[in-house]
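Engineer: File query.txt follows (compact mmCIF, C-alpha atoms and all ligand atoms):
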```
# COMPACT_ATOMS: atom_id res chain seq x y z
CA MET V 24 93.63 -80.92 -65.39
CA LYS V 25 93.13 -84.68 -65.22
CA VAL V 26 93.86 -87.52 -62.85
CA LEU V 27 94.72 -90.78 -64.59
CA LYS V 28 94.65 -94.14 -62.87
CA PHE V 29 96.26 -97.20 -64.37
CA GLY V 30 95.06 -100.57 -63.15
CA GLY V 31 96.69 -103.96 -62.87
CA THR V 32 97.09 -105.20 -66.44
CA SER V 33 98.13 -101.72 -67.59
CA MET V 34 101.02 -102.04 -65.16
CA ALA V 35 101.66 -105.76 -65.70
CA ASP V 36 104.93 -105.64 -67.64
CA GLY V 37 107.34 -103.43 -69.53
CA ALA V 38 105.31 -103.51 -72.76
CA ALA V 39 102.14 -102.36 -70.98
CA LEU V 40 104.04 -99.69 -69.07
CA LYS V 41 105.41 -98.29 -72.32
CA LYS V 42 101.82 -97.72 -73.40
CA VAL V 43 101.08 -96.03 -70.09
CA ILE V 44 104.08 -93.74 -70.53
CA ASP V 45 102.98 -92.87 -74.09
CA ILE V 46 99.46 -92.04 -72.94
CA VAL V 47 100.68 -89.77 -70.16
CA LYS V 48 103.28 -88.03 -72.31
CA ALA V 49 100.76 -87.37 -75.07
CA ASP V 50 98.35 -85.60 -72.69
CA LYS V 51 99.45 -82.29 -71.17
CA GLU V 52 96.47 -82.40 -68.82
CA ALA V 53 97.63 -85.70 -67.30
CA VAL V 54 99.35 -84.34 -64.23
CA TYR V 55 98.46 -86.70 -61.39
CA ILE V 56 98.82 -90.41 -61.99
CA VAL V 57 97.62 -93.12 -59.60
CA VAL V 58 98.76 -96.70 -60.12
CA SER V 59 98.03 -100.25 -59.01
CA ALA V 60 100.57 -103.00 -58.53
CA PRO V 61 101.43 -105.01 -61.65
CA GLY V 62 98.41 -107.16 -62.49
CA VAL V 63 98.06 -110.55 -64.10
CA SER V 64 100.63 -111.07 -66.85
CA SER V 65 100.82 -113.80 -69.47
CA SER V 66 102.86 -115.96 -67.16
CA CYS V 67 102.14 -114.81 -63.63
CA GLU V 68 99.42 -113.83 -61.20
CA LYS V 69 98.87 -110.35 -59.71
CA VAL V 70 101.76 -108.95 -57.70
CA THR V 71 99.32 -108.23 -54.84
CA ASP V 72 98.52 -111.96 -54.71
CA LEU V 73 102.24 -112.77 -54.73
CA LEU V 74 102.67 -110.36 -51.82
CA LEU V 75 99.86 -112.01 -49.91
CA ASN V 76 101.81 -115.19 -50.36
CA VAL V 77 104.89 -113.46 -48.94
CA PHE V 78 102.86 -112.45 -45.91
CA ASN V 79 101.45 -115.97 -45.48
CA ASN V 80 105.01 -117.33 -45.49
CA LYS V 81 106.54 -114.62 -43.33
CA ASP V 82 108.86 -117.06 -41.60
CA ASN V 83 110.21 -118.32 -44.85
CA PHE V 84 109.53 -115.54 -47.28
CA ASN V 85 112.56 -115.63 -49.56
CA LYS V 86 111.12 -117.87 -52.23
CA PRO V 87 107.76 -116.09 -52.58
CA LEU V 88 109.53 -112.73 -52.51
CA GLU V 89 111.77 -113.92 -55.34
CA ARG V 90 108.73 -114.06 -57.64
CA VAL V 91 107.85 -110.46 -56.81
CA LYS V 92 111.44 -109.42 -57.52
CA GLU V 93 111.41 -111.16 -60.89
CA ARG V 94 108.36 -109.16 -61.96
CA PHE V 95 109.92 -105.83 -61.06
CA PHE V 96 113.36 -106.64 -62.44
CA ALA V 97 111.74 -107.53 -65.78
CA ILE V 98 109.94 -104.16 -65.82
CA VAL V 99 113.03 -102.13 -64.92
CA ASN V 100 115.11 -103.93 -67.54
CA SER V 101 112.50 -103.61 -70.24
CA LEU V 102 112.13 -99.86 -69.67
CA GLY V 103 115.88 -99.35 -69.16
CA LEU V 104 115.27 -97.48 -65.89
CA LYS V 105 118.01 -96.37 -63.58
CA PHE V 106 116.52 -97.59 -60.33
CA ASP V 107 118.24 -99.53 -57.59
CA LEU V 108 115.89 -102.46 -57.11
CA ASP V 109 118.42 -104.40 -55.05
CA GLU V 110 118.42 -101.64 -52.49
CA TYR V 111 114.61 -101.58 -52.48
CA PHE V 112 114.34 -105.30 -51.84
CA VAL V 113 116.94 -105.16 -49.05
CA TYR V 114 114.76 -102.52 -47.36
CA PHE V 115 111.62 -104.58 -47.98
CA ALA V 116 113.11 -107.86 -46.69
CA ASN V 117 114.32 -106.05 -43.62
CA GLU V 118 110.84 -104.73 -42.89
CA ILE V 119 109.37 -108.23 -43.25
CA LYS V 120 112.00 -109.63 -40.89
CA HIS V 121 111.07 -106.98 -38.36
CA GLY V 122 107.41 -107.95 -38.35
CA ALA V 123 105.89 -105.74 -41.07
CA SER V 124 102.09 -105.87 -41.08
CA LYS V 125 100.01 -107.60 -43.72
CA ASP V 126 98.79 -104.24 -45.09
CA PHE V 127 102.35 -102.95 -45.34
CA ILE V 128 103.51 -106.04 -47.24
CA VAL V 129 100.61 -106.18 -49.72
CA SER V 130 100.82 -102.45 -50.40
CA ARG V 131 104.42 -102.63 -51.62
CA GLY V 132 103.31 -103.57 -55.14
CA GLU V 133 101.66 -100.16 -55.55
CA HIS V 134 104.49 -98.41 -53.70
CA LEU V 135 107.19 -99.74 -56.01
CA SER V 136 105.13 -99.44 -59.20
CA ALA V 137 104.53 -95.78 -58.48
CA MET V 138 108.21 -95.16 -57.79
CA LEU V 139 109.15 -96.78 -61.09
CA LEU V 140 106.59 -94.86 -63.11
CA ALA V 141 107.59 -91.59 -61.45
CA ASN V 142 111.18 -92.36 -62.40
CA ALA V 143 110.22 -93.16 -66.01
CA LEU V 144 108.08 -90.02 -66.42
CA ASP V 145 110.31 -87.76 -64.36
CA TYR V 146 107.31 -86.90 -62.14
CA ASP V 147 107.47 -86.51 -58.36
CA PHE V 148 106.64 -89.57 -56.25
CA VAL V 149 104.10 -88.80 -53.53
CA ASP V 150 103.66 -91.61 -51.01
CA ALA V 151 100.00 -92.41 -50.35
CA LYS V 152 100.74 -92.94 -46.67
CA ASP V 153 101.42 -89.22 -46.32
CA ILE V 154 98.15 -88.09 -47.90
CA ILE V 155 95.46 -90.76 -47.52
CA LYS V 156 94.29 -90.92 -43.93
CA PHE V 157 92.34 -93.46 -41.90
CA ASP V 158 91.14 -92.89 -38.34
CA SER V 159 92.11 -95.03 -35.36
CA PHE V 160 89.13 -97.33 -36.06
CA SER V 161 90.57 -97.95 -39.54
CA ASN V 162 87.80 -95.95 -41.21
CA PHE V 163 88.81 -93.82 -44.16
CA ASP V 164 88.83 -90.14 -43.12
CA ALA V 165 87.61 -88.40 -46.26
CA GLU V 166 87.73 -84.81 -45.05
CA LEU V 167 91.14 -84.95 -43.39
CA THR V 168 92.51 -86.70 -46.47
CA ASN V 169 91.09 -84.03 -48.73
CA GLU V 170 92.69 -81.23 -46.73
CA VAL V 171 96.07 -82.98 -46.58
CA CYS V 172 95.97 -83.83 -50.29
CA LYS V 173 95.07 -80.28 -51.30
CA GLU V 174 98.07 -78.91 -49.40
CA LYS V 175 100.42 -81.58 -50.67
CA PHE V 176 99.54 -81.16 -54.33
CA LYS V 177 100.19 -77.43 -54.18
CA LYS V 178 103.84 -78.43 -53.87
CA HIS V 179 103.79 -81.10 -56.59
CA LYS V 180 102.71 -80.04 -60.02
CA HIS V 181 103.23 -83.49 -61.53
CA ALA V 182 103.13 -86.62 -59.39
CA VAL V 183 102.69 -90.36 -59.39
CA ILE V 184 100.86 -91.73 -56.37
CA PRO V 185 100.52 -95.39 -55.35
CA GLY V 186 96.91 -96.52 -55.09
CA PHE V 187 95.28 -98.91 -52.61
CA TYR V 188 96.66 -97.66 -49.30
CA GLY V 189 97.07 -94.81 -46.87
CA SER V 190 97.95 -94.67 -43.18
CA LEU V 191 96.48 -94.82 -39.70
CA PRO V 192 97.05 -91.98 -37.21
CA ASN V 193 100.07 -93.88 -35.82
CA GLY V 194 101.65 -93.90 -39.28
CA GLU V 195 101.06 -97.58 -39.99
CA VAL V 196 100.05 -98.50 -43.52
CA LYS V 197 96.37 -99.32 -44.01
CA THR V 198 94.91 -100.65 -47.26
CA PHE V 199 91.46 -100.30 -48.79
CA SER V 200 89.65 -103.46 -49.85
CA ARG V 201 90.88 -105.26 -52.96
CA GLY V 202 90.71 -103.16 -56.10
CA GLY V 203 91.00 -100.07 -53.91
CA SER V 204 93.37 -98.13 -56.19
CA ASP V 205 90.23 -96.99 -58.00
CA ILE V 206 89.21 -95.25 -54.78
CA SER V 207 92.67 -93.66 -54.41
CA GLY V 208 92.38 -92.20 -57.92
CA ALA V 209 88.98 -90.73 -57.08
CA ILE V 210 90.36 -89.21 -53.86
CA VAL V 211 93.16 -87.48 -55.74
CA ALA V 212 90.72 -86.30 -58.44
CA ARG V 213 88.54 -84.68 -55.78
CA ALA V 214 91.46 -83.01 -54.02
CA VAL V 215 92.79 -81.38 -57.16
CA SER V 216 89.29 -80.64 -58.58
CA ALA V 217 90.15 -82.55 -61.72
CA ALA V 218 88.10 -81.94 -64.86
CA VAL V 219 87.87 -85.70 -65.29
CA TYR V 220 89.10 -88.85 -63.57
CA GLU V 221 90.30 -91.23 -66.28
CA ASN V 222 90.48 -94.81 -65.10
CA PHE V 223 92.49 -96.98 -67.49
CA THR V 224 91.94 -100.74 -67.57
CA ASP V 225 92.19 -103.39 -70.25
CA VAL V 226 88.59 -103.22 -71.48
CA ASP V 227 86.88 -100.74 -73.78
CA GLY V 228 84.45 -99.62 -71.15
CA PHE V 229 81.66 -100.76 -68.97
CA CYS V 230 79.64 -103.55 -70.59
CA ALA V 231 75.87 -103.72 -70.35
CA SER V 232 76.34 -107.20 -68.92
CA ASP V 233 79.08 -109.65 -68.00
CA PRO V 234 81.10 -110.17 -71.20
CA ARG V 235 82.26 -113.57 -69.96
CA ILE V 236 78.66 -114.75 -70.20
CA ILE V 237 77.25 -112.46 -72.89
CA LYS V 238 79.98 -112.45 -75.48
CA ASP V 239 78.71 -109.53 -77.54
CA ALA V 240 77.51 -107.40 -74.60
CA LYS V 241 77.22 -103.76 -75.66
CA ASN V 242 79.47 -101.08 -74.28
CA ILE V 243 77.65 -98.55 -72.11
CA GLU V 244 78.64 -95.06 -73.24
CA MET V 245 77.35 -93.32 -70.18
CA LEU V 246 75.93 -94.20 -66.80
CA THR V 247 75.28 -92.34 -63.58
CA TYR V 248 77.22 -92.71 -60.35
CA GLU V 249 74.27 -94.52 -58.80
CA GLU V 250 73.89 -96.91 -61.71
CA LEU V 251 77.58 -97.67 -61.49
CA ARG V 252 77.32 -98.39 -57.80
CA GLU V 253 74.43 -100.80 -58.27
CA LEU V 254 76.13 -102.59 -61.16
CA SER V 255 79.57 -102.83 -59.63
CA TYR V 256 78.21 -103.97 -56.29
CA MET V 257 76.37 -106.70 -58.13
CA GLY V 258 79.43 -108.05 -59.84
CA ALA V 259 80.42 -105.74 -62.70
CA SER V 260 84.08 -105.59 -61.86
CA VAL V 261 85.46 -102.73 -63.95
CA LEU V 262 85.52 -100.17 -61.14
CA HIS V 263 85.42 -100.42 -57.34
CA SER V 264 81.90 -99.58 -56.17
CA MET V 265 83.24 -97.07 -53.59
CA SER V 266 85.05 -94.98 -56.21
CA ILE V 267 82.16 -92.63 -56.79
CA PHE V 268 82.05 -91.17 -53.28
CA PRO V 269 85.04 -88.80 -53.53
CA VAL V 270 84.28 -87.59 -57.07
CA ARG V 271 80.58 -87.15 -56.34
CA LYS V 272 81.45 -84.35 -53.92
CA GLU V 273 82.73 -82.30 -56.84
CA ASP V 274 80.59 -83.73 -59.68
CA ILE V 275 83.73 -84.95 -61.44
CA PRO V 276 83.00 -87.41 -64.26
CA ILE V 277 84.87 -90.71 -64.34
CA ARG V 278 85.89 -92.02 -67.71
CA ILE V 279 86.77 -95.69 -68.15
CA ARG V 280 89.38 -96.11 -70.88
CA ASN V 281 91.43 -98.91 -72.35
CA THR V 282 95.22 -98.60 -72.10
CA PHE V 283 95.51 -100.94 -75.05
CA ASN V 284 92.96 -99.05 -77.17
CA PRO V 285 93.27 -95.43 -76.05
CA SER V 286 91.35 -94.05 -79.02
CA GLY V 287 88.19 -95.92 -77.94
CA LYS V 288 85.29 -93.91 -76.53
CA GLY V 289 85.23 -95.69 -73.18
CA THR V 290 82.44 -95.14 -70.69
CA PHE V 291 81.53 -91.91 -68.92
CA ILE V 292 80.20 -92.14 -65.37
CA VAL V 293 78.48 -88.89 -64.51
CA PRO V 294 76.36 -87.24 -61.84
CA THR V 295 72.65 -87.64 -62.47
CA LYS V 296 71.91 -83.98 -62.89
CA LYS V 297 74.19 -83.70 -65.88
CA PHE V 298 71.84 -85.89 -67.84
CA LYS V 299 69.87 -82.88 -68.86
CA ASP V 300 72.45 -80.21 -69.42
CA GLY V 301 73.50 -81.29 -72.86
CA ASN V 302 77.11 -82.06 -71.97
CA TYR V 303 76.61 -85.74 -72.38
CA THR V 304 74.42 -87.92 -74.49
CA ARG V 305 72.55 -90.82 -73.11
CA GLU V 306 70.78 -93.66 -74.83
CA SER V 307 67.09 -93.48 -74.13
CA ARG V 308 66.67 -97.08 -73.05
CA ALA V 309 65.04 -98.03 -69.79
CA VAL V 310 67.80 -100.38 -68.71
CA THR V 311 71.43 -99.35 -68.57
CA GLY V 312 72.96 -102.61 -67.50
CA ILE V 313 72.34 -106.04 -66.01
CA ALA V 314 74.76 -107.57 -63.53
CA GLY V 315 74.65 -110.63 -61.37
CA LYS V 316 76.43 -112.53 -58.66
CA ARG V 317 76.41 -116.15 -57.60
CA GLU V 318 76.75 -117.55 -54.10
CA PHE V 319 73.83 -116.34 -52.04
CA ILE V 320 71.62 -118.19 -49.63
CA ALA V 321 68.19 -117.39 -48.24
CA ILE V 322 67.33 -117.98 -44.61
CA ASN V 323 63.55 -118.33 -44.56
CA ILE V 324 61.85 -117.85 -41.21
CA GLU V 325 58.19 -118.65 -40.56
CA LYS V 326 56.16 -117.83 -37.51
CA SER V 327 52.39 -117.48 -37.12
CA LEU V 328 51.37 -113.94 -36.15
CA MET V 329 54.86 -112.65 -36.83
CA ASN V 330 53.24 -109.41 -37.97
CA GLU V 331 51.91 -108.78 -34.47
CA GLU V 332 55.13 -109.56 -32.65
CA LEU V 333 56.71 -106.20 -32.00
CA GLY V 334 60.50 -106.22 -32.46
CA PHE V 335 60.62 -109.52 -34.37
CA GLY V 336 62.63 -108.06 -37.26
CA ARG V 337 64.99 -106.30 -34.88
CA ARG V 338 65.68 -109.50 -32.95
CA VAL V 339 66.40 -111.42 -36.17
CA LEU V 340 68.79 -108.76 -37.40
CA SER V 341 70.52 -108.48 -34.03
CA VAL V 342 71.64 -112.09 -34.48
CA PHE V 343 73.21 -111.23 -37.84
CA GLU V 344 74.91 -108.24 -36.28
CA LYS V 345 76.22 -110.32 -33.39
CA TYR V 346 77.97 -112.70 -35.80
CA ASN V 347 79.16 -109.90 -38.06
CA VAL V 348 77.17 -111.10 -41.06
CA SER V 349 75.65 -108.43 -43.30
CA PHE V 350 72.48 -109.16 -45.21
CA GLU V 351 71.62 -108.17 -48.77
CA HIS V 352 67.81 -108.25 -48.86
CA MET V 353 64.97 -108.92 -46.49
CA PRO V 354 61.67 -109.55 -48.28
CA GLY V 355 58.83 -110.52 -45.99
CA SER V 356 55.14 -111.28 -45.74
CA ILE V 357 52.60 -111.54 -42.95
CA ASP V 358 54.01 -114.65 -41.24
CA SER V 359 57.38 -115.07 -42.88
CA LEU V 360 60.65 -113.31 -43.46
CA SER V 361 63.48 -114.19 -45.78
CA ILE V 362 67.01 -112.93 -45.29
CA ILE V 363 69.31 -113.11 -48.29
CA VAL V 364 72.99 -113.37 -47.41
CA ASP V 365 76.16 -113.46 -49.48
CA SER V 366 77.54 -116.94 -48.81
CA SER V 367 80.86 -116.55 -50.61
CA ASP V 368 82.81 -116.07 -47.42
CA LEU V 369 80.27 -117.18 -44.85
CA GLU V 370 81.70 -120.08 -42.92
CA LYS V 371 79.40 -123.01 -42.19
CA THR V 372 80.04 -122.72 -38.45
CA ILE V 373 78.97 -119.05 -38.46
CA LEU V 374 75.84 -119.90 -40.42
CA ASN V 375 74.98 -122.60 -37.88
CA ARG V 376 75.44 -120.09 -35.08
CA VAL V 377 73.20 -117.56 -36.83
CA VAL V 378 70.46 -120.17 -37.25
CA ALA V 379 70.78 -121.26 -33.60
CA GLY V 380 70.72 -117.60 -32.55
CA ILE V 381 67.49 -116.93 -34.49
CA ILE V 382 65.86 -120.02 -32.95
CA ASN V 383 66.93 -118.82 -29.54
CA GLU V 384 65.92 -115.17 -29.95
CA CYS V 385 62.75 -115.53 -32.03
CA ASN V 386 61.38 -119.01 -31.46
CA PRO V 387 60.16 -119.43 -35.08
CA ASP V 388 57.77 -122.20 -36.21
CA ASN V 389 60.12 -123.10 -39.00
CA ILE V 390 63.47 -122.02 -40.38
CA GLU V 391 64.99 -123.26 -43.62
CA ILE V 392 68.13 -122.52 -45.60
CA VAL V 393 67.80 -122.26 -49.37
CA PRO V 394 71.31 -122.62 -50.83
CA ASP V 395 72.73 -121.91 -54.29
CA LEU V 396 70.93 -118.74 -55.19
CA SER V 397 72.15 -116.04 -57.55
CA LEU V 398 71.06 -112.43 -57.64
CA ILE V 399 70.58 -110.44 -60.83
CA ALA V 400 70.17 -106.67 -60.83
CA VAL V 401 68.44 -104.98 -63.75
CA VAL V 402 69.59 -101.39 -63.44
CA GLY V 403 68.34 -98.24 -65.13
CA HIS V 404 68.17 -94.65 -64.06
CA THR V 405 64.52 -94.25 -65.01
CA LEU V 406 63.41 -97.78 -64.24
CA SER V 407 60.87 -96.83 -61.60
CA GLU V 408 58.99 -94.83 -64.24
CA GLU V 409 58.74 -97.79 -66.63
CA ILE V 410 55.29 -99.20 -66.11
CA ASP V 411 56.09 -102.57 -67.69
CA ALA V 412 59.62 -103.15 -66.33
CA ILE V 413 58.62 -105.78 -63.77
CA SER V 414 56.35 -107.60 -66.19
CA ARG V 415 59.09 -107.70 -68.82
CA VAL V 416 61.52 -109.21 -66.32
CA SER V 417 59.10 -111.81 -65.02
CA SER V 418 57.57 -112.82 -68.34
CA ALA V 419 60.97 -113.12 -70.04
CA LEU V 420 62.13 -115.46 -67.27
CA ALA V 421 58.84 -117.37 -67.18
CA LYS V 422 58.91 -117.95 -70.94
CA ASN V 423 62.26 -119.61 -70.44
CA ASN V 424 61.07 -121.68 -67.54
CA ILE V 425 63.20 -119.85 -64.99
CA ARG V 426 61.60 -119.57 -61.59
CA ILE V 427 62.03 -116.33 -59.66
CA ARG V 428 62.91 -117.13 -56.04
CA MET V 429 62.69 -113.55 -54.80
CA ILE V 430 62.08 -110.17 -56.35
CA ASN V 431 62.92 -106.80 -54.88
CA PHE V 432 61.66 -103.59 -56.47
CA GLY V 433 60.72 -100.24 -55.04
CA ALA V 434 63.34 -99.67 -52.38
CA SER V 435 65.67 -98.31 -55.02
CA LYS V 436 64.27 -96.30 -57.91
CA LEU V 437 66.82 -97.68 -60.26
CA ASN V 438 66.88 -101.42 -59.96
CA ILE V 439 64.93 -104.63 -59.94
CA ILE V 440 66.68 -107.48 -58.16
CA VAL V 441 65.68 -111.07 -58.78
CA ALA V 442 67.02 -114.21 -57.13
CA VAL V 443 67.17 -117.37 -59.24
CA ASP V 444 68.65 -120.81 -58.66
CA THR V 445 72.33 -120.71 -59.49
CA SER V 446 71.81 -123.52 -62.01
CA ASN V 447 69.73 -120.98 -63.99
CA PHE V 448 72.03 -118.02 -63.44
CA GLU V 449 73.79 -117.73 -66.80
CA ASN V 450 70.64 -118.48 -68.72
CA ALA V 451 68.67 -115.90 -66.76
CA LEU V 452 71.30 -113.26 -67.45
CA LYS V 453 71.17 -114.03 -71.17
CA VAL V 454 67.37 -113.98 -71.24
CA LEU V 455 67.21 -110.61 -69.49
CA TYR V 456 69.95 -109.16 -71.65
CA ASN V 457 68.07 -110.20 -74.79
CA GLU V 458 64.84 -108.78 -73.42
CA PHE V 459 66.28 -105.33 -72.84
CA PHE V 460 69.12 -105.01 -75.32
CA SER V 461 68.24 -106.90 -78.51
N1 LIG B 1 96.57 -104.26 -56.13
C1 LIG B 1 95.38 -104.25 -55.33
C2 LIG B 1 94.52 -105.46 -55.66
O1 LIG B 1 94.96 -106.33 -56.37
C3 LIG B 1 94.63 -102.97 -55.46
C4 LIG B 1 94.21 -102.62 -56.86
O2 LIG B 1 94.62 -103.28 -57.81
O3 LIG B 1 93.45 -101.68 -57.00
O4 LIG B 1 93.43 -105.56 -55.16
```
Written as structure tokens, that's how I'd like the structure from this file.
Ligand code: ASP
Structural biologist:
Amino acid sequence: MKVLKFGGTSMADGAALKKVIDIVKADKEAVYIVVSAPGVSSSCEKVTDLLLNVFNNKDNFNKPLERVKERFFAIVNSLGLKFDLDEYFVYFANEIKHGASKDFIVSRGEHLSAMLLANALDYDFVDAKDIIKFDSFSNFDAELTNEVCKEKFKKHKHAVIPGFYGSLPNGEVKTFSRGGSDISGAIVARAVSAAVYENFTDVDGFCASDPRIIKDAKNIEMLTYEELRELSYMGASVLHSMSIFPVRKEDIPIRIRNTFNPSGKGTFIVPTKKFKDGNYTRESRAVTGIAGKREFIAINIEKSLMNEELGFGRRVLSVFEKYNVSFEHMPGSIDSLSIIVDSSDLEKTILNRVVAGIINECNPDNIEIVPDLSLIAVVGHTLSEEIDAISRVSSALAKNNIRIRMINFGASKLNIIVAVDTSNFENALKVLYNEFFS
């Protein structure tokens, strides 16, 4: 039995949905289907973004809601479905008028998409709020969810489930982070002990590097859960980096497939131990993929005899914790420490407070901010066993005159992380790709 998940562009319009319906109908194993809201279409942005706009204009929501309606009316008409959309939007508008929460509003794209697909396939509709559970601190409750899902799916042999959200103990809707329908699919796959979790997108699989920068980047046929997590956290956007946690409990492989090219091989994401059991083949290269992200800064702190000052690191990190800023890396030496932080949504005022807090708590000799850094992760399951991996990374960059601002190797067995100036980012990615994949 399989769980299939269809992401944004696969759900974008009637034509895409027809392909989804064909894929499901052609596969007897495809019994549980998880869907996202309609994604970017040729003429319009993602429905989830339209819904965010509805929420941001709650007091005057008719116009933004109209755009959401148009998308769904076009789908219903194109598929010739018998579904009362007017009634749905009366209910929805009523909820907004009565103070519906942000999570409720943005989750309605998935809610309605799933209802429509269930109608088209003649499958049951199972609302995610009844099966995906968060605790009162808004943390996802994996074990409770698994129990509830297991029970629920005994009663539904074929079902379509909206991705992206679940509910709090008080019944209120709670969403995952953006792209979270991938996690929902993995949760359902675990609960029903699926043979495979097939995640359909609009690409042929996971690329060995960012195809927007490396045009002919190779498709990765197979990678491990851990490799996936490293690559997706560092910017490879095919699958949400949290998706592996539910399926890992049951060693269920994830397969990335293309709705618009269903005969393609796709990419298998598998538990490490299956490397050796002959079920899957794996290319014998040291590096599986290279991913990178822009928008980091380094906060460099210097203080003589820092190494002898007990609790120095703890005091620095307590300042980050106080201002709710998480750090990515913390390389250090005898009298200095560098904290690398994602600056994409770090407000200037918060950064100033963090710097003031460090001065206050730690009394450093010097503190400097290095802006405009990018991080690149070179990821490979056996990387720590490759004696020349670091030298290949550094000499390839040096030959191309690209200075390494920071390097992190050893903490994880499967990656080397380098920081470079963002002005060198694309070039560095190309250089490293050529080094390991040409
Ligand atoms: N629709 C949501 C988003 O745009 C969730 C998802 O697509 O997985 O983030």
Engineer: Name all residues at most 7 Å from region 213-223 of chain V (count all atoms listed in the file; drop same-chain ones fewer than 5 positions away) and give them as a list in words.
Structural biologist: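 Residues meeting the cut-off are Met24, Lys25, Val26, Leu27, Lys28, Phe29, Gly30, Asn169, Cys172, Lys173, Pro269, Val270, Glu273, Ile275, Pro276, Ile277, Arg278, Ile279, Arg280, Asn281 and Thr282 of chain V.
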Engineer: Neighbours of ligand LIG 1 (chain B) at 12 Å or closer, counting only C-alpha atoms and all ligand atoms: which residues, as a PyMOL selection string?
Structural biologist: chain V and resi 28-35+57-63+68-75+126+128-137+185-188+198-209+222-224+260-266
Engineer: I'd like to know which of V:Val149, V:Leu396, V:Val401, V:Ile243 is closest to Lys175 (chain V), using only C-alpha atoms.
Structural biologist: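 Ranked by minimum distance to Lys175 (chain V), first place goes to V:Val149.
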Engineer: Skipping near chain neighbours, those fewer than 4 positions away, what residues fall within 12 Å of region 118-121 of chain V using only C-alpha atoms, listed as a compact mmCIF listing (two decimals) with C-alpha atoms, keeping the file's coordinate frame?
Structural biologist:
```txt
# COMPACT_ATOMS: atom_id res chain seq x y z
CA LEU V 74 102.67 -110.36 -51.82
CA VAL V 77 104.89 -113.46 -48.94
CA PHE V 78 102.86 -112.45 -45.91
CA ASN V 79 101.45 -115.97 -45.48
CA ASN V 80 105.01 -117.33 -45.49
CA LYS V 81 106.54 -114.62 -43.33
CA ASP V 82 108.86 -117.06 -41.60
CA ASN V 83 110.21 -118.32 -44.85
CA PHE V 84 109.53 -115.54 -47.28
CA ASN V 85 112.56 -115.63 -49.56
CA LEU V 88 109.53 -112.73 -52.51
CA TYR V 111 114.61 -101.58 -52.48
CA PHE V 112 114.34 -105.30 -51.84
CA VAL V 113 116.94 -105.16 -49.05
CA TYR V 114 114.76 -102.52 -47.36
CA LYS V 125 100.01 -107.60 -43.72
CA ASP V 126 98.79 -104.24 -45.09
CA PHE V 127 102.35 -102.95 -45.34
CA ILE V 128 103.51 -106.04 -47.24
CA VAL V 129 100.61 -106.18 -49.72
CA ARG V 131 104.42 -102.63 -51.62
```
Engineer: Given all atoms listed in the file as the basis, pick out the residue of V:Ile381, V:Met429, V:Leu102, V:Val364 nearest to Arg337 (chain V).
Structural biologist: V:Ile381
Engineer: Rank V:Phe283, V:Phe459, V:Phe176, V:Phe160 by their smallest atom-to-atom distance to Gly228 (chain V), using all atoms listed in the file, and report the top residue only.
Structural biologist: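 Checking each of V:Phe283, V:Phe459, V:Phe176, V:Phe160 against Gly228 (chain V), counting all atoms listed in the file, the winner is V:Phe283.
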Engineer: Considering only C-alpha atoms, can you say which of V:Ala97, V:Ala143, V:Cys67, V:Ala53 comes closest to Asp36 (chain V)?
Structural biologist: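 Smallest separation from Asp36 (chain V) among the options: V:Ala97.
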Engineer: Which residue, V:Ile98, V:Leu140, V:Ile425, V:Ile382, has the smallest gap to Ser64 (chain V) when you use all atoms listed in the file?
Structural biologist: V:Ile98
Engineer: Any idea what the distance is between CA of Asn389 (chain V) and CA of Lys326 (chain V)?
Structural biologist: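 Atom-to-atom, CA of Asn389 (chain V) and CA of Lys326 (chain V) are spaced 6.8 Å apart.
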Engineer: Identify, on the basis of all atoms listed in the file, every residue whose closest approach to Thr405 (chain V) does not exceed 8 Å; exclude the query and any residue fewer than 6 positions from it along the same chain; express the result as JSON, numbers by chain.
Structural biologist: {"V": [309, 310, 436, 437]}
Engineer: Nearest residue to Thr168 (chain V) out of V:Tyr146, V:Arg376, V:Leu191, V:Ile413, using only C-alpha atoms?
Structural biologist: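 Result for the nearest residue to Thr168 (chain V): V:Leu191.
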Engineer: If we draw a sphere of 6 Å around (63.6, -119.8, -59.8), which residues have at least one atom in it when counting only C-alpha atoms? Please report them as a PyMOL selection string.
Structural biologist: chain V and resi 425-428+443-444
Engineer: Do a neighbour search on Ala49 (chain V) at 12 Å with only C-alpha atoms, toss out local chain neighbours closer than 5 positions, and write the hits as a list in words.
Structural biologist: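 Answer for this query is Lys42, Val43, Ile44, Val54, Leu144 and Pro285 of chain V.
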Engineer: Interatomic distance between CA of Ala231 (chain V) and CA of Ser417 (chain V)?
Structural biologist: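 Interatomic distance here is 19.4 Å.
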Engineer: For Glu332 (chain V), please output as an MDAnalysis selection string all residues within 12 Å (counting only C-alpha atoms; exclusion window: fewer than 3 positions along the same chain).
Structural biologist: chainID V and resid 326:329 335:339 357:359 385:387
Engineer: In Å, rounded to a single decimal, give me how far CA of Glu250 (chain V) is from CA of Cys230 (chain V).
Structural biologist: 12.5 Å
Engineer: Would you compute, for all listed atoms of region 153-159 of chain V, the axis-aligned bounding box grown by 5 Å on each side, and then report its centre and edge lengths in Å rounded to one decimal, as AutoDock Vina command-line options?
Structural biologist:
```
--center_x 96.3 --center_y -91.6 --center_z -41.6 --size_x 20.3 --size_y 16.9 --size_z 22.5
```
